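> This is the structure I want to talk about, given as structure tokens.
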Amino acid sequence: MKVNIALLTVTDTRNFDNDKSGAILVKKIEEAHHNLIDRKICKDNKEDIVLILKQWINQNEIDVVITTGGTGLTGRDITPEALEDIADKHIVGFGELFRNISLKTVGTSAIQSRACAVLANGKYIFALPGSSGGVTDAWEEILKYQLDINHKPCNFVELFPRLKEK
């Protein structure tokens, strides 16, 4: 099953020509035979991030949104706060698992990541770090499997039809 994904890079400094993390994710999405529906870059501005995310979660053809950047501890890192504004539910285990995986590659610096995931309007939104290593770890160790309908014992994809249940 192909998953329809939108990709947002949150950065004050990058563009499409030098967005290494975004380029890595584009390649990973293509290798997994999913569909990249839209890709944008925006500044570290909470209102802009929220506006783009709201547009995407209201598009029927988008199943998943992945963001990269803005998950650190500096004053401009506000992606998790933007997700908080639109979240229906938090997927707490995503951030916990990501930091556990990162512990193996960056040691205790993993504690500085606020990578997270939420459900909003029946869509998954994953906020990944802006580093190439961080997005690679998140894709190769978590998303590649959870966005694969064949992954057992369970995966995020099989829940798509039930995400808007009341």
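Starting from 1 in every chain, residues are counted up; chains themselves are A, B, ... following the order of the structure tokens, and ligands are numbered from 1 as listed.
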Leaving out Lys2 in chain A and any residue of its chain fewer than 3 positions from it, which residues lie within 7 Å of it when counting only C-alpha atoms, given as a compact mmCIF listing (two decimals) with N, CA and C atoms, in the first residue's frame?

# COMPACT_ATOMS: atom_id res chain seq x y z
N HIS A 33 8.39 3.35 -2.13
CA HIS A 33 7.29 3.36 -3.11
C HIS A 33 6.04 4.07 -2.57
N HIS A 34 6.25 5.05 -1.70
CA HIS A 34 5.15 5.90 -1.25
C HIS A 34 5.06 7.11 -2.18
N ASN A 35 4.03 7.92 -2.01
CA ASN A 35 3.81 9.10 -2.84
C ASN A 35 4.14 10.37 -2.06
> Enumerate as a CSV table (one decimal) with N, CA and C atoms, in the first residue's frame all residues of range 18-112 of chain A assigned to strand (DSSP E or B) by DSSP on the backbone, naming them with the chain letters and numbers the document uses.

chain,number,residue,atom,x,y,z
A,35,ASN,N,4.0,7.9,-2.0
A,35,ASN,CA,3.8,9.1,-2.8
A,35,ASN,C,4.1,10.4,-2.1
A,36,LEU,N,5.0,11.2,-2.6
A,36,LEU,CA,5.3,12.5,-2.0
A,36,LEU,C,4.3,13.5,-2.7
A,37,ILE,N,3.3,13.9,-1.9
A,37,ILE,CA,2.2,14.7,-2.4
A,37,ILE,C,2.6,16.2,-2.5
A,38,ASP,N,3.3,16.6,-1.4
A,38,ASP,CA,3.7,18.0,-1.4
A,38,ASP,C,5.0,18.2,-0.6
A,39,ARG,N,5.8,19.2,-0.9
A,39,ARG,CA,7.0,19.5,-0.1
A,39,ARG,C,7.1,21.0,0.0
A,40,LYS,N,7.4,21.4,1.2
A,40,LYS,CA,7.5,22.9,1.4
A,40,LYS,C,8.7,23.1,2.4
A,41,ILE,N,9.2,24.3,2.4
A,41,ILE,CA,10.2,24.8,3.3
A,41,ILE,C,9.6,26.1,3.9
A,42,CYS,N,9.7,26.2,5.2
A,42,CYS,CA,9.2,27.4,5.9
A,42,CYS,C,10.1,27.8,7.0
A,64,VAL,N,-0.1,11.3,5.8
A,64,VAL,CA,1.0,11.5,6.7
A,64,VAL,C,1.7,12.8,6.4
A,65,VAL,N,2.1,13.5,7.5
A,65,VAL,CA,3.0,14.6,7.3
A,65,VAL,C,4.2,14.4,8.1
A,66,ILE,N,5.4,14.7,7.5
A,66,ILE,CA,6.7,14.6,8.2
A,66,ILE,C,7.3,15.9,8.1
A,67,THR,N,7.7,16.4,9.3
A,67,THR,CA,8.5,17.6,9.4
A,67,THR,C,9.9,17.3,9.8
A,68,THR,N,10.8,18.2,9.3
A,68,THR,CA,12.2,18.0,9.7
A,68,THR,C,12.7,19.4,10.1
A,89,LYS,N,-4.3,13.9,19.4
A,89,LYS,CA,-3.7,12.9,20.3
A,89,LYS,C,-2.2,12.9,20.1
A,90,HIS,N,-1.5,12.7,21.2
A,90,HIS,CA,0.0,12.6,21.1
A,90,HIS,C,0.4,11.1,21.0
> Please indicate the distance in Å from CA of Leu159 in chain A to CA of Asp48 in chain A, rounded to one decimal place.
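Computing it gives 29.0 Å between the two atoms.
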> Using only C-alpha atoms, which residues of range 4-109 of chain A come within 10 Å of range 130-143 of chain A, and what is the closest atom pair for each, with the distance in Å to one decimal? Give it as a Markdown table, sorted by chain and residue number.

| residue | atom | partner | partner_atom | distance |
| --- | --- | --- | --- | --- |
| A:Thr9 | CA | A:Gly130 | CA | 7.7 |
| A:Val10 | CA | A:Gly130 | CA | 7.9 |
| A:Thr11 | CA | A:Gly130 | CA | 8.2 |
| A:Asp19 | CA | A:Gly130 | CA | 9.1 |
| A:Lys20 | CA | A:Ser132 | CA | 6.5 |
| A:Ser21 | CA | A:Ser132 | CA | 4.7 |
| A:Gly22 | CA | A:Gly130 | CA | 8.4 |
| A:Ala23 | CA | A:Ser132 | CA | 9.2 |
| A:Ile24 | CA | A:Ser132 | CA | 7.2 |
| A:Leu25 | CA | A:Val135 | CA | 7.1 |
| A:Lys28 | CA | A:Trp139 | CA | 7.5 |
| A:Ile29 | CA | A:Trp139 | CA | 9.0 |
| A:Ile66 | CA | A:Val135 | CA | 9.9 |
| A:Thr67 | CA | A:Gly130 | CA | 8.6 |
| A:Thr68 | CA | A:Gly130 | CA | 4.9 |
| A:Gly69 | CA | A:Gly130 | CA | 3.7 |
| A:Gly70 | CA | A:Gly130 | CA | 6.9 |
| A:Thr71 | CA | A:Gly130 | CA | 7.6 |
| A:Gly72 | CA | A:Gly130 | CA | 8.7 |
| A:Phe94 | CA | A:Ile142 | CA | 8.2 |
| A:Gly95 | CA | A:Ala138 | CA | 9.7 |
| A:Leu97 | CA | A:Ile142 | CA | 8.2 |
| A:Phe98 | CA | A:Ala138 | CA | 6.3 |
| A:Arg99 | CA | A:Ala138 | CA | 9.5 |
| A:Ile101 | CA | A:Asp137 | CA | 7.2 |
| A:Ser102 | CA | A:Asp137 | CA | 7.2 |
| A:Thr105 | CA | A:Gly133 | CA | 8.4 |
| A:Val106 | CA | A:Gly133 | CA | 9.1 |
> Out of A:Arg14, A:Lys43, A:Lys27, A:Arg162, which residue has the shortest atom-to-atom distance to Leu119 in chain A when counting only C-alpha atoms?
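Among A:Arg14, A:Lys43, A:Lys27, A:Arg162, it is A:Arg162 that comes nearest to Leu119 in chain A.
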> Taking the backbone alone, and naming residues the way the document does, which bits of chain A are helix (DSSP H, G or I) by DSSP, as a PyMOL selection string?
chain A and resi 20-31+46-57+79-86+92-112+132-146+157-162
